[in-house]
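As provided, entry01.cif (mmCIF, C-alpha atoms and all ligand atoms) reads as follows.
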data_coords
loop_
_atom_site.label_atom_id
_atom_site.label_comp_id
_atom_site.auth_asym_id
_atom_site.auth_seq_id
_atom_site.Cartn_x
_atom_site.Cartn_y
_atom_site.Cartn_z
CA MET A 277 -29.24 -16.99 -33.07
CA LYS A 278 -29.48 -13.73 -34.88
CA VAL A 279 -27.10 -11.52 -32.89
CA GLN A 280 -28.36 -8.42 -34.63
CA GLY A 281 -31.97 -9.30 -33.80
CA ILE A 282 -31.26 -9.72 -30.11
CA LEU A 283 -29.30 -6.46 -30.04
CA THR A 284 -31.99 -4.51 -31.85
CA ASN A 285 -34.48 -5.83 -29.36
CA LEU A 286 -32.23 -4.78 -26.45
CA GLU A 287 -31.72 -1.32 -27.94
CA THR A 288 -35.48 -0.85 -28.07
CA LYS A 289 -35.91 -2.09 -24.51
CA HIS A 290 -32.99 -0.16 -23.04
CA PRO A 291 -32.52 2.92 -25.21
CA GLY A 292 -29.46 5.02 -24.48
CA GLU A 293 -27.70 2.43 -22.30
CA LYS A 294 -24.69 2.64 -24.57
CA GLU A 295 -22.00 1.05 -22.40
CA TYR A 296 -24.26 -1.90 -21.59
CA LEU A 297 -25.17 -2.40 -25.26
CA GLN A 298 -21.47 -2.14 -26.20
CA ALA A 299 -20.50 -4.87 -23.71
CA VAL A 300 -23.32 -7.18 -24.84
CA HIS A 301 -22.47 -6.62 -28.49
CA GLU A 302 -18.83 -7.60 -27.98
CA VAL A 303 -19.76 -10.85 -26.24
CA LEU A 304 -22.54 -11.87 -28.63
CA GLU A 305 -20.34 -11.29 -31.65
CA SER A 306 -17.65 -13.62 -30.31
CA ILE A 307 -19.91 -16.45 -29.20
CA GLU A 308 -22.17 -16.56 -32.25
CA THR A 309 -20.53 -19.63 -33.84
CA ILE A 310 -20.43 -21.69 -30.64
CA TYR A 311 -24.03 -20.72 -29.95
CA ASN A 312 -25.20 -21.81 -33.38
CA GLU A 313 -23.35 -25.13 -33.07
CA ASN A 314 -25.15 -25.91 -29.80
CA PRO A 315 -28.92 -25.76 -30.35
CA GLN A 316 -29.55 -26.61 -26.68
CA TYR A 317 -28.53 -23.01 -25.81
CA GLU A 318 -31.04 -21.53 -28.23
CA ALA A 319 -33.77 -23.92 -27.06
CA ALA A 320 -33.30 -22.71 -23.47
CA LYS A 321 -33.08 -19.05 -24.60
CA ILE A 322 -29.74 -18.77 -22.78
CA ILE A 323 -28.74 -15.48 -24.44
CA GLU A 324 -32.06 -13.78 -23.81
CA ARG A 325 -31.84 -14.84 -20.15
CA LEU A 326 -28.18 -13.95 -19.78
CA VAL A 327 -28.40 -10.39 -21.06
CA GLU A 328 -31.03 -9.29 -18.53
CA PRO A 329 -29.95 -8.97 -14.88
CA ASP A 330 -31.74 -11.24 -12.40
CA ARG A 331 -32.73 -8.07 -10.55
CA ILE A 332 -31.68 -4.47 -9.92
CA LEU A 333 -32.06 -2.60 -6.65
CA THR A 334 -32.13 1.19 -6.98
CA PHE A 335 -32.23 3.34 -3.90
CA ARG A 336 -31.82 6.86 -2.57
CA VAL A 337 -28.80 7.65 -0.41
CA SER A 338 -29.19 10.74 1.79
CA TRP A 339 -26.25 11.96 3.84
CA MET A 340 -25.04 15.10 5.55
CA ASP A 341 -21.73 16.87 4.83
CA ASP A 342 -19.48 18.42 7.48
CA ALA A 343 -21.17 21.81 7.09
CA GLY A 344 -24.59 20.32 7.81
CA ASN A 345 -25.85 20.37 4.20
CA VAL A 346 -27.96 17.42 3.09
CA HIS A 347 -27.07 15.59 -0.13
CA VAL A 348 -28.99 13.00 -2.11
CA ASN A 349 -27.29 10.43 -4.34
CA LEU A 350 -28.53 7.39 -6.24
CA GLY A 351 -27.43 3.92 -5.16
CA TYR A 352 -27.65 0.67 -7.16
CA ARG A 353 -26.92 -3.02 -6.99
CA VAL A 354 -27.24 -5.03 -10.18
CA GLN A 355 -27.49 -8.76 -9.41
CA PHE A 356 -26.79 -10.11 -12.87
CA ASN A 357 -26.32 -13.86 -12.78
CA ASN A 358 -25.67 -16.41 -10.04
CA ALA A 359 -25.53 -19.64 -12.05
CA ILE A 360 -22.08 -20.60 -10.79
CA GLY A 361 -21.92 -18.86 -7.42
CA PRO A 362 -23.14 -15.90 -5.35
CA TYR A 363 -23.38 -12.55 -7.17
CA LYS A 364 -19.91 -11.03 -6.94
CA GLY A 365 -18.54 -7.68 -8.03
CA GLY A 366 -17.41 -4.30 -6.85
CA ILE A 367 -19.05 -1.05 -5.86
CA ARG A 368 -18.10 1.93 -8.02
CA LEU A 369 -18.34 5.40 -6.50
CA HIS A 370 -17.89 7.93 -9.29
CA PRO A 371 -19.98 10.83 -10.64
CA SER A 372 -20.30 9.02 -14.01
CA VAL A 373 -22.13 6.04 -12.47
CA ASN A 374 -25.53 5.25 -13.97
CA LEU A 375 -27.46 2.10 -14.74
CA SER A 376 -25.86 1.60 -18.16
CA ILE A 377 -22.38 1.60 -16.64
CA LEU A 378 -23.31 -0.76 -13.82
CA LYS A 379 -25.10 -3.12 -16.20
CA PHE A 380 -22.06 -3.24 -18.50
CA LEU A 381 -19.80 -3.90 -15.53
CA GLY A 382 -22.13 -6.54 -14.07
CA PHE A 383 -22.43 -8.26 -17.45
CA GLU A 384 -18.64 -8.35 -17.92
CA GLN A 385 -18.25 -9.61 -14.39
CA ILE A 386 -20.26 -12.78 -15.15
CA PHE A 387 -17.69 -13.97 -17.71
CA LYS A 388 -14.67 -12.66 -15.83
CA ASN A 389 -15.69 -14.46 -12.66
CA ALA A 390 -16.38 -17.66 -14.61
CA LEU A 391 -12.86 -17.46 -16.05
CA THR A 392 -11.27 -17.37 -12.59
CA THR A 393 -12.36 -21.02 -12.06
CA LEU A 394 -13.81 -19.98 -8.67
CA PRO A 395 -17.54 -20.29 -7.84
CA MET A 396 -18.66 -16.67 -8.29
CA GLY A 397 -21.59 -15.20 -10.22
CA GLY A 398 -21.70 -11.66 -11.59
CA GLY A 399 -22.95 -8.42 -10.06
CA LYS A 400 -21.99 -4.78 -9.66
CA GLY A 401 -23.12 -1.82 -7.63
CA GLY A 402 -22.35 1.78 -6.99
CA SER A 403 -23.42 5.36 -6.78
CA ASP A 404 -22.95 8.70 -8.52
CA PHE A 405 -21.40 9.92 -5.25
CA ASN A 406 -17.95 11.48 -5.79
CA PRO A 407 -15.55 10.56 -2.96
CA LYS A 408 -12.90 13.04 -4.19
CA GLY A 409 -12.48 16.00 -1.89
CA LYS A 410 -14.69 14.54 0.86
CA SER A 411 -13.54 14.24 4.46
CA ASP A 412 -13.27 10.84 6.17
CA ALA A 413 -16.39 11.67 8.19
CA GLU A 414 -18.35 12.48 5.03
CA ILE A 415 -17.20 9.24 3.39
CA MET A 416 -18.27 7.36 6.52
CA ARG A 417 -21.73 8.94 6.60
CA PHE A 418 -22.23 8.22 2.89
CA CYS A 419 -21.08 4.58 3.20
CA GLN A 420 -23.30 4.01 6.22
CA ALA A 421 -26.32 5.46 4.42
CA PHE A 422 -25.53 3.33 1.34
CA MET A 423 -25.33 0.15 3.41
CA LEU A 424 -28.60 0.96 5.21
CA GLU A 425 -30.29 -0.03 1.93
CA LEU A 426 -27.84 -2.51 0.43
CA TRP A 427 -27.65 -4.87 3.44
CA ARG A 428 -31.09 -6.36 2.75
CA ILE A 429 -29.99 -8.12 -0.44
CA ILE A 430 -26.37 -9.13 0.20
CA GLY A 431 -24.84 -11.97 2.21
CA PRO A 432 -21.79 -14.26 2.11
CA SER A 433 -23.66 -16.89 0.08
CA ALA A 434 -25.98 -14.48 -1.74
CA ASP A 435 -24.08 -11.44 -2.97
CA VAL A 436 -20.55 -10.36 -2.06
CA PRO A 437 -19.65 -6.75 -2.98
CA ALA A 438 -16.10 -5.38 -3.08
CA GLY A 439 -14.11 -2.36 -4.20
CA ASP A 440 -13.93 -0.70 -7.60
CA ILE A 441 -13.16 2.87 -8.73
CA GLY A 442 -13.70 5.15 -5.71
CA THR A 443 -14.15 2.28 -3.26
CA GLY A 444 -10.95 1.25 -1.49
CA GLY A 445 -10.01 -0.09 1.92
CA ARG A 446 -11.44 2.92 3.78
CA GLU A 447 -14.88 2.67 2.13
CA ILE A 448 -15.01 -1.13 2.52
CA GLY A 449 -14.32 -0.62 6.24
CA PHE A 450 -17.22 1.80 6.71
CA LEU A 451 -19.56 -0.36 4.62
CA TYR A 452 -18.57 -3.50 6.51
CA GLY A 453 -18.98 -1.86 9.91
CA MET A 454 -22.57 -0.91 9.11
CA TYR A 455 -23.43 -4.31 7.56
CA LYS A 456 -22.10 -6.10 10.64
CA LYS A 457 -24.19 -3.95 12.91
CA LEU A 458 -27.41 -4.37 10.91
CA GLN A 459 -27.03 -8.09 10.23
CA HIS A 460 -25.62 -8.88 13.67
CA GLU A 461 -22.94 -11.18 12.26
CA ASN A 462 -19.29 -11.04 11.30
CA SER A 463 -19.26 -13.29 8.27
CA GLY A 464 -16.99 -11.47 5.85
CA VAL A 465 -19.71 -10.36 3.42
CA LEU A 466 -17.49 -7.85 1.60
CA THR A 467 -14.08 -8.53 0.09
CA GLY A 468 -11.13 -6.16 0.15
CA LYS A 469 -11.36 -6.04 3.96
CA GLY A 470 -8.54 -4.93 6.27
CA LEU A 471 -5.97 -7.60 7.07
CA ASN A 472 -6.80 -7.85 10.74
CA TRP A 473 -10.56 -8.21 10.17
CA GLY A 474 -10.83 -10.88 7.51
CA GLY A 475 -8.98 -9.45 4.51
CA SER A 476 -6.55 -11.37 2.33
CA LEU A 477 -2.90 -10.66 1.74
CA ILE A 478 -2.19 -9.53 -1.85
CA ARG A 479 -5.80 -8.31 -2.40
CA PRO A 480 -4.81 -4.63 -2.91
CA GLU A 481 -2.15 -5.58 -5.46
CA ALA A 482 -4.11 -8.42 -7.05
CA THR A 483 -5.65 -6.72 -10.12
CA GLY A 484 -2.31 -5.22 -11.15
CA PHE A 485 -0.25 -8.31 -10.32
CA GLY A 486 -2.74 -10.56 -12.13
CA ALA A 487 -2.72 -8.39 -15.27
CA THR A 488 1.07 -8.46 -15.28
CA TYR A 489 1.14 -12.26 -14.88
CA PHE A 490 -1.31 -12.50 -17.78
CA THR A 491 0.95 -10.28 -19.93
CA LYS A 492 3.91 -12.42 -18.92
CA GLU A 493 2.10 -15.43 -20.42
CA MET A 494 1.45 -13.48 -23.65
CA LEU A 495 5.15 -12.61 -23.87
CA LYS A 496 6.14 -16.21 -23.09
CA LEU A 497 4.22 -17.42 -26.15
CA ASP A 498 6.67 -15.39 -28.23
CA GLY A 499 9.62 -16.64 -26.19
CA ASP A 500 9.94 -13.19 -24.64
CA THR A 501 9.89 -11.60 -21.16
CA PHE A 502 9.27 -8.19 -19.55
CA LYS A 503 13.01 -7.51 -19.43
CA ASP A 504 13.66 -3.97 -20.75
CA LYS A 505 10.16 -3.63 -22.21
CA VAL A 506 8.83 -0.08 -22.22
CA VAL A 507 5.34 0.02 -20.72
CA CYS A 508 2.77 2.83 -20.86
CA LEU A 509 0.13 2.83 -18.14
CA SER A 510 -2.85 5.10 -17.58
CA GLY A 511 -4.45 5.96 -14.26
CA PHE A 512 -2.67 6.44 -10.93
CA GLY A 513 -4.91 4.49 -8.55
CA ASN A 514 -4.74 1.12 -6.94
CA VAL A 515 -4.71 -0.87 -10.16
CA THR A 516 -1.99 1.19 -11.87
CA TRP A 517 0.11 0.97 -8.72
CA GLY A 518 -0.11 -2.85 -8.69
CA VAL A 519 0.80 -3.14 -12.37
CA ALA A 520 3.76 -0.75 -11.99
CA LEU A 521 5.08 -2.66 -8.98
CA LYS A 522 5.05 -6.03 -10.74
CA VAL A 523 6.21 -4.82 -14.17
CA ILE A 524 9.28 -3.23 -12.56
CA GLU A 525 9.95 -6.35 -10.50
CA LEU A 526 9.92 -8.37 -13.74
CA GLY A 527 12.43 -6.04 -15.41
CA GLY A 528 10.13 -3.74 -17.42
CA LYS A 529 10.21 0.07 -17.51
CA VAL A 530 7.00 2.02 -16.76
CA ILE A 531 7.16 5.48 -18.33
CA THR A 532 3.63 6.91 -18.07
CA ILE A 533 0.79 7.30 -15.60
CA SER A 534 -2.24 9.56 -16.01
CA GLY A 535 -5.19 11.36 -14.46
CA PRO A 536 -8.19 13.27 -15.76
CA ASP A 537 -5.90 16.33 -15.97
CA GLY A 538 -3.34 14.78 -18.36
CA TYR A 539 -0.44 12.36 -18.25
CA VAL A 540 3.03 12.16 -16.74
CA LEU A 541 5.93 11.06 -18.93
CA ASP A 542 8.86 9.80 -16.91
CA GLU A 543 11.44 8.59 -19.42
CA LYS A 544 13.72 7.28 -16.67
CA GLY A 545 10.95 4.99 -15.55
CA LEU A 546 9.15 4.56 -12.24
CA ASP A 547 11.18 3.10 -9.36
CA ALA A 548 10.46 2.00 -5.80
CA GLU A 549 10.41 5.57 -4.47
CA LYS A 550 8.08 6.80 -7.22
CA ILE A 551 5.77 3.83 -6.76
CA ASN A 552 5.55 4.60 -3.06
CA TYR A 553 4.70 8.17 -4.01
CA LEU A 554 1.79 6.80 -6.09
CA LEU A 555 0.31 5.55 -2.82
CA ALA A 556 0.50 9.05 -1.37
CA LEU A 557 -0.93 10.57 -4.53
CA ARG A 558 -3.98 8.33 -4.59
CA ALA A 559 -4.53 8.87 -0.88
CA SER A 560 -4.34 12.65 -1.37
CA ASN A 561 -8.08 12.93 -1.99
CA ASN A 562 -7.76 14.81 -5.23
CA ASP A 563 -8.23 13.71 -8.80
CA ILE A 564 -5.08 15.02 -10.45
CA VAL A 565 -1.74 13.48 -11.33
CA SER A 566 0.24 16.68 -12.06
CA PRO A 567 1.71 16.97 -8.50
CA TYR A 568 4.00 14.06 -9.49
CA VAL A 569 6.26 16.38 -11.49
CA GLU A 570 6.64 18.75 -8.53
CA VAL A 571 8.19 15.88 -6.56
CA PHE A 572 10.08 14.31 -9.48
CA PRO A 573 11.01 17.25 -11.75
CA GLU A 574 12.83 15.03 -14.26
CA ALA A 575 9.36 13.88 -15.41
CA LYS A 576 7.11 15.91 -17.72
CA PHE A 577 3.41 16.63 -17.31
CA ILE A 578 1.41 16.80 -20.52
CA PRO A 579 -1.92 18.46 -19.76
CA GLY A 580 -5.20 17.34 -21.31
CA LYS A 581 -3.71 14.38 -23.20
CA LYS A 582 -3.70 10.60 -22.92
CA PRO A 583 -0.46 8.59 -22.79
CA TRP A 584 -1.21 6.59 -25.96
CA GLU A 585 0.82 9.00 -28.12
CA VAL A 586 4.04 7.80 -26.42
CA PRO A 587 5.99 5.01 -28.20
CA CYS A 588 6.06 1.80 -26.11
CA ASP A 589 6.27 -1.98 -26.36
CA ILE A 590 3.29 -2.68 -24.14
CA ALA A 591 0.25 -0.46 -23.48
CA MET A 592 -1.86 -1.24 -20.42
CA PRO A 593 -4.89 1.06 -20.01
CA SER A 594 -5.70 0.90 -16.30
CA ALA A 595 -8.10 3.79 -15.64
CA ILE A 596 -11.71 3.62 -16.90
CA GLN A 597 -13.96 2.33 -19.71
CA ASN A 598 -13.42 3.56 -23.28
CA GLU A 599 -10.22 5.39 -22.36
CA LEU A 600 -8.40 4.19 -25.49
CA ASP A 601 -10.17 4.87 -28.81
CA GLY A 602 -9.59 4.07 -32.48
CA ILE A 603 -7.25 7.02 -33.00
CA ASP A 604 -5.20 6.13 -29.92
CA ALA A 605 -4.97 2.55 -31.22
CA GLU A 606 -3.71 3.74 -34.62
CA ASN A 607 -1.11 5.92 -32.86
CA LEU A 608 0.08 3.02 -30.73
CA ILE A 609 0.34 0.73 -33.76
CA LYS A 610 2.18 3.39 -35.77
CA ASN A 611 4.63 3.75 -32.89
CA GLY A 612 5.32 0.00 -32.80
CA VAL A 613 3.27 -1.29 -29.85
CA LYS A 614 3.65 -5.07 -29.54
CA TYR A 615 1.02 -5.96 -26.93
CA VAL A 616 -2.05 -4.20 -25.56
CA VAL A 617 -3.51 -5.38 -22.28
CA GLU A 618 -6.75 -3.89 -20.96
CA VAL A 619 -6.49 -3.63 -17.20
CA SER A 620 -9.51 -1.33 -16.85
CA ASN A 621 -12.92 -2.82 -17.57
CA MET A 622 -13.75 -2.29 -21.28
CA GLY A 623 -10.88 0.22 -21.48
CA CYS A 624 -10.80 0.09 -25.28
CA THR A 625 -13.55 1.18 -27.67
CA PRO A 626 -14.79 -1.27 -30.35
CA GLU A 627 -12.87 0.77 -32.95
CA ALA A 628 -9.64 0.34 -30.97
CA ILE A 629 -10.17 -3.41 -30.61
CA TYR A 630 -10.88 -3.66 -34.32
CA ALA A 631 -7.62 -1.83 -35.10
CA PHE A 632 -5.58 -4.16 -32.86
CA HIS A 633 -7.18 -7.27 -34.34
CA ASN A 634 -6.71 -5.93 -37.83
CA GLY A 635 -3.05 -5.15 -37.15
CA LYS A 636 -2.59 -8.62 -35.56
CA ILE A 637 -1.46 -7.01 -32.31
CA PRO A 638 -2.10 -9.38 -29.38
CA PHE A 639 -4.87 -7.69 -27.40
CA ALA A 640 -6.10 -8.97 -24.01
CA PRO A 641 -9.58 -7.83 -22.89
CA GLY A 642 -10.16 -6.69 -19.31
CA LYS A 643 -12.37 -9.59 -18.40
CA ALA A 644 -9.38 -11.90 -18.84
CA ALA A 645 -6.46 -9.66 -17.92
CA ASN A 646 -7.93 -7.94 -14.86
CA ALA A 647 -9.60 -11.02 -13.35
CA GLY A 648 -6.86 -11.26 -10.72
CA GLY A 649 -8.64 -8.76 -8.48
CA VAL A 650 -11.85 -10.66 -8.22
CA ALA A 651 -9.91 -13.94 -8.15
CA VAL A 652 -8.18 -12.90 -4.94
CA SER A 653 -11.58 -11.71 -3.67
CA GLY A 654 -12.69 -15.31 -4.25
CA LEU A 655 -9.67 -16.50 -2.29
CA GLU A 656 -10.61 -14.06 0.49
CA MET A 657 -14.07 -15.68 0.57
CA SER A 658 -12.44 -19.13 0.82
CA GLN A 659 -10.23 -18.01 3.70
CA ASN A 660 -13.22 -16.44 5.51
CA ALA A 661 -15.23 -19.63 5.09
CA MET A 662 -12.36 -21.75 6.46
CA LYS A 663 -11.62 -19.17 9.15
CA LEU A 664 -7.96 -19.44 8.21
CA ASN A 665 -5.46 -17.11 6.54
CA TRP A 666 -3.09 -18.05 3.75
CA THR A 667 0.39 -16.54 3.56
CA LYS A 668 1.35 -13.96 0.95
CA GLU A 669 3.25 -16.65 -0.96
CA GLU A 670 0.26 -19.00 -0.96
CA VAL A 671 -2.16 -16.34 -2.25
CA ASP A 672 0.32 -15.11 -4.86
CA ALA A 673 0.96 -18.66 -6.12
CA LYS A 674 -2.78 -19.28 -6.47
CA LEU A 675 -3.23 -15.95 -8.28
CA HIS A 676 -0.40 -16.80 -10.64
CA GLN A 677 -1.90 -20.19 -11.37
CA ILE A 678 -5.38 -18.71 -11.98
CA MET A 679 -3.99 -16.13 -14.45
CA SER A 680 -2.11 -18.86 -16.34
CA SER A 681 -5.27 -20.94 -16.54
CA ILE A 682 -7.24 -17.95 -17.92
CA HIS A 683 -4.53 -17.49 -20.52
CA GLU A 684 -4.78 -21.20 -21.40
CA ALA A 685 -8.56 -20.88 -21.80
CA CYS A 686 -8.07 -17.92 -24.17
CA LEU A 687 -5.65 -19.97 -26.28
CA LYS A 688 -8.04 -22.91 -26.36
CA TYR A 689 -11.00 -20.93 -27.68
CA GLY A 690 -9.31 -17.95 -29.33
CA THR A 691 -6.57 -19.35 -31.57
CA GLU A 692 -7.39 -18.55 -35.19
CA ASP A 693 -6.42 -20.48 -38.33
CA ASP A 694 -3.41 -18.26 -38.99
CA GLY A 695 -2.16 -18.71 -35.41
CA TYR A 696 -3.23 -15.23 -34.21
CA ILE A 697 -4.73 -15.39 -30.72
CA ASN A 698 -8.03 -13.56 -30.54
CA TYR A 699 -8.11 -13.14 -26.76
CA VAL A 700 -11.49 -11.40 -26.87
CA LYS A 701 -13.09 -14.39 -28.55
CA GLY A 702 -11.22 -16.86 -26.34
CA ALA A 703 -12.25 -15.18 -23.08
CA ASN A 704 -15.86 -14.67 -24.13
CA ILE A 705 -16.36 -18.25 -25.33
CA ALA A 706 -14.64 -19.85 -22.31
CA GLY A 707 -16.66 -17.75 -19.85
CA PHE A 708 -19.90 -18.20 -21.76
CA ILE A 709 -19.72 -22.01 -22.01
CA LYS A 710 -19.21 -22.36 -18.27
CA VAL A 711 -22.15 -20.12 -17.36
CA ALA A 712 -24.45 -21.36 -20.12
CA ASP A 713 -23.90 -25.01 -19.17
CA ALA A 714 -24.62 -24.23 -15.52
CA MET A 715 -27.83 -22.47 -16.56
CA LEU A 716 -28.86 -25.49 -18.65
CA ASP A 717 -28.25 -27.84 -15.71
CA GLN A 718 -30.40 -25.67 -13.42
CA GLY A 719 -33.48 -25.46 -15.66
CA VAL A 720 -35.59 -22.48 -16.65
CA ILE A 721 -35.65 -20.18 -13.65
N1 LIG A 801 -13.98 -4.30 -9.11
C1 LIG A 801 -13.13 -5.40 -9.41
C2 LIG A 801 -13.45 -5.93 -10.79
O1 LIG A 801 -13.84 -5.16 -11.65
C3 LIG A 801 -13.11 -6.45 -8.31
C4 LIG A 801 -14.43 -7.04 -7.96
C5 LIG A 801 -14.42 -7.96 -6.74
O2 LIG A 801 -13.37 -8.18 -6.16
O3 LIG A 801 -15.51 -8.46 -6.42
O4 LIG A 801 -13.32 -7.08 -11.10
#
For this file, produce the structure as structure tokens.
Ligand code: GLU
Amino acid sequence: MKVQGILTNLETKHPGEKEYLQAVHEVLESIETIYNENPQYEAAKIIERLVEPDRILTFRVSWMDDAGNVHVNLGYRVQFNNAIGPYKGGIRLHPSVNLSILKFLGFEQIFKNALTTLPMGGGKGGSDFNPKGKSDAEIMRFCQAFMLELWRIIGPSADVPAGDIGTGGREIGFLYGMYKKLQHENSGVLTGKGLNWGGSLIRPEATGFGATYFTKEMLKLDGDTFKDKVVCLSGFGNVTWGVALKVIELGGKVITISGPDGYVLDEKGLDAEKINYLLALRASNNDIVSPYVEVFPEAKFIPGKKPWEVPCDIAMPSAIQNELDGIDAENLIKNGVKYVVEVSNMGCTPEAIYAFHNGKIPFAPGKAANAGGVAVSGLEMSQNAMKLNWTKEEVDAKLHQIMSSIHEACLKYGTEDDGYINYVKGANIAGFIKVADAMLDQGVI
């Protein structure tokens, strides 16, 4: 395979889709050797088939606000690959959403879902609708209008959407209510559902808990633990909350959180009360993190900046793609960072990843470290299919085991000659082999 040739071809076909091209580039670069050693992949044009989604549904979403004004948003579902299971992936509601972003997320999701060991393919959906500042009734009308189109192509064995940025329990509820009405069945098509209507325990915490379990495995390799480690997080939503909760439980100290307005530095570290406040903050329907320092005045708010200038042992970007760039990476390295764990999807730019690899800093990519969220979604699907619920302990134990197995897979395929673990390579190769072999078994379709 000529990676560059395939990429050039993609750039011509999909000009300007920069996030999608970035995600494809990262994967192709890491799997090139394995691909060349296995001519059966080339013969079946696995790469060329894998980089194009099976199909994309684009639709108009019209809804009315509380004042009676009509709004029009764009809705999408990218069904990327279902070689190992139904399309599976979240719905992102954020003004930045476009096809490039959803294609990058759907592409990443294929490998992430393969890594979980559960039978899930890759997909992603969303809209440029901004849920911030909207009333519950407006959110409901938007979600209902969105599902009026989406319901035709999803189903518990076909495509199982879930939450992502901007889509939490409230949105899943409104989407599910409309699906159920249109399809005339209660089959659990979405994951991230409420506990008393088919949801799974631990699902809200799962992405953050999973990422922390993954980091625990990275530390264990060096004979170390979270005890007294200083951790910088970004974001203040669901994912950041889950990471903070688990890091503190394991003895670490979380000193930063952030929003689009800047970051909060809390040298004393987050505690149970502050973590509970995070719940209130993310439910407050605004986009800013600065109110934190009004409630906890010992903390400082640094406007317009990212937390990566703060010295820490472990950095865990947990907000959005490309939130940590080459300069941030150099700052972190200069300040002695020991581990970097991407909890957001593609949270680090290629320049940042290059700097971490170059500096031999263990760096875990999102598709490995944040797979706990979709893994527990997979467990929610299992529970729905069995019509049984597992206890919190059962789900947590399975999540823990899945994260350890992802870490194992990264070691297997990512350990370099000098002993450095290239987690990016490990995760990409492990995910790719599973999907590529399934595609080979199923013929040219
Ligand atoms: N949006 C999450 C992710 O990026 C979860 C997806 C899901 O549960 O289907 O993996």
### Message
Could you list the protein, DNA and RNA residues that have any atom within 8 Å of ligand LIG 801 (chain A), counting only C-alpha atoms and all ligand atoms, and write them as a ChimeraX atom specification?
### Response
/A:364-368,381,385,388-389,436-441,467-468,483,620-621,643,646-654
### Query
What does the distance between CA of Asn374 in chain A and CA of Ala482 in chain A come to in Å, to one decimal place?
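For CA of Asn374 in chain A relative to CA of Ala482 in chain A, the distance reads 26.3 Å.
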Contact check, range 367-386 of chain A to range 281-293 of chain A, at most 9 Å, counting only C-alpha atoms, closest pairs as JSON lines:
{"residue": "A:Leu375", "atom": "CA", "partner": "A:Glu293", "partner_atom": "CA", "distance": 7.6}
{"residue": "A:Ser376", "atom": "CA", "partner": "A:Glu293", "partner_atom": "CA", "distance": 4.6}
{"residue": "A:Ile377", "atom": "CA", "partner": "A:Glu293", "partner_atom": "CA", "distance": 7.8}
{"residue": "A:Lys379", "atom": "CA", "partner": "A:Glu293", "partner_atom": "CA", "distance": 8.6}
{"residue": "A:Phe380", "atom": "CA", "partner": "A:Glu293", "partner_atom": "CA", "distance": 8.9}
### Message
Using Å and a single decimal, report how far CA of Glu302 in chain A sits from CA of Lys278 in chain A.
### Response
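Computing the Euclidean distance for CA of Lys278 in chain A and CA of Glu302 in chain A yields 14.1 Å.
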### Message
Taking 2 positions as the minimum chain separation for residues in the same chain, which residues sit within 12 Å of Asn472 in chain A when counting all atoms listed in the file? Answer as a PyMOL selection string.
### Response
chain A and resi 449+464+468-470+474-477+660+664-665
### Query
Of the candidates A:Asn561, A:Asn514, A:Thr667, A:Thr691, which shows the shortest atom-to-atom distance to Pro480 in chain A, using all atoms listed in the file?
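That would be A:Asn514, the residue with the smallest distance to Pro480 in chain A.
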### Query
Which one of A:Glu308, A:Val700, A:Glu414, A:Gly690 sits closest to Glu618 in chain A if you count only C-alpha atoms?
A:Val700
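All protein, DNA and RNA residues at most 12 Å from (-1.9, 4.1, -38.7) are A:Glu585, A:Gly602, A:Ile603, A:Asp604, A:Ala605, A:Glu606, A:Asn607, A:Leu608, A:Ile609, A:Lys610, A:Asn611, A:Gly612, A:Val613, A:Ala628, A:Ala631, A:Phe632, A:Asn634, A:Gly635, using all atoms listed in the file.
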### Query
In terms of the shortest atom-to-atom distance over all atoms listed in the file, which of A:Glu574, A:Tyr630, A:Ala559, A:Lys701 is closest to Asp412 in chain A?
A:Ala559
### Task
Find, counting only C-alpha atoms, the residue in A:Lys492, A:Ala661, A:Asp717, A:Val465 that gets nearest to Leu451 in chain A.
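Checking each of A:Lys492, A:Ala661, A:Asp717, A:Val465 against Leu451 in chain A, counting only C-alpha atoms, the winner is A:Val465.
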### Message
Taking 2 positions as the minimum chain separation for residues in the same chain, which residues sit within 12 Å of Ile578 in chain A when counting all atoms listed in the file? Answer as a list in words.
### Response
Thr532, Ile533, Ser534, Gly535, Pro536, Asp537, Gly538, Tyr539, Val540, Leu541, Asp542, Val565, Ser566, Tyr568, Val569, Ala575, Lys576, Gly580, Lys581, Lys582, Pro583, Trp584, Glu585 and Val586 of chain A
For the residues in that selection, give me C-alpha atoms as a tab-separated table (two decimals), keeping the file's coordinate frame.
chain	number	residue	atom	x	y	z
A	532	THR	CA	3.63	6.91	-18.07
A	533	ILE	CA	0.79	7.30	-15.60
A	534	SER	CA	-2.24	9.56	-16.01
A	535	GLY	CA	-5.19	11.36	-14.46
A	536	PRO	CA	-8.19	13.27	-15.76
A	537	ASP	CA	-5.90	16.33	-15.97
A	538	GLY	CA	-3.34	14.78	-18.36
A	539	TYR	CA	-0.44	12.36	-18.25
A	540	VAL	CA	3.03	12.16	-16.74
A	541	LEU	CA	5.93	11.06	-18.93
A	542	ASP	CA	8.86	9.80	-16.91
A	565	VAL	CA	-1.74	13.48	-11.33
A	566	SER	CA	0.24	16.68	-12.06
A	568	TYR	CA	4.00	14.06	-9.49
A	569	VAL	CA	6.26	16.38	-11.49
A	575	ALA	CA	9.36	13.88	-15.41
A	576	LYS	CA	7.11	15.91	-17.72
A	580	GLY	CA	-5.20	17.34	-21.31
A	581	LYS	CA	-3.71	14.38	-23.20
A	582	LYS	CA	-3.70	10.60	-22.92
A	583	PRO	CA	-0.46	8.59	-22.79
A	584	TRP	CA	-1.21	6.59	-25.96
A	585	GLU	CA	0.82	9.00	-28.12
A	586	VAL	CA	4.04	7.80	-26.42
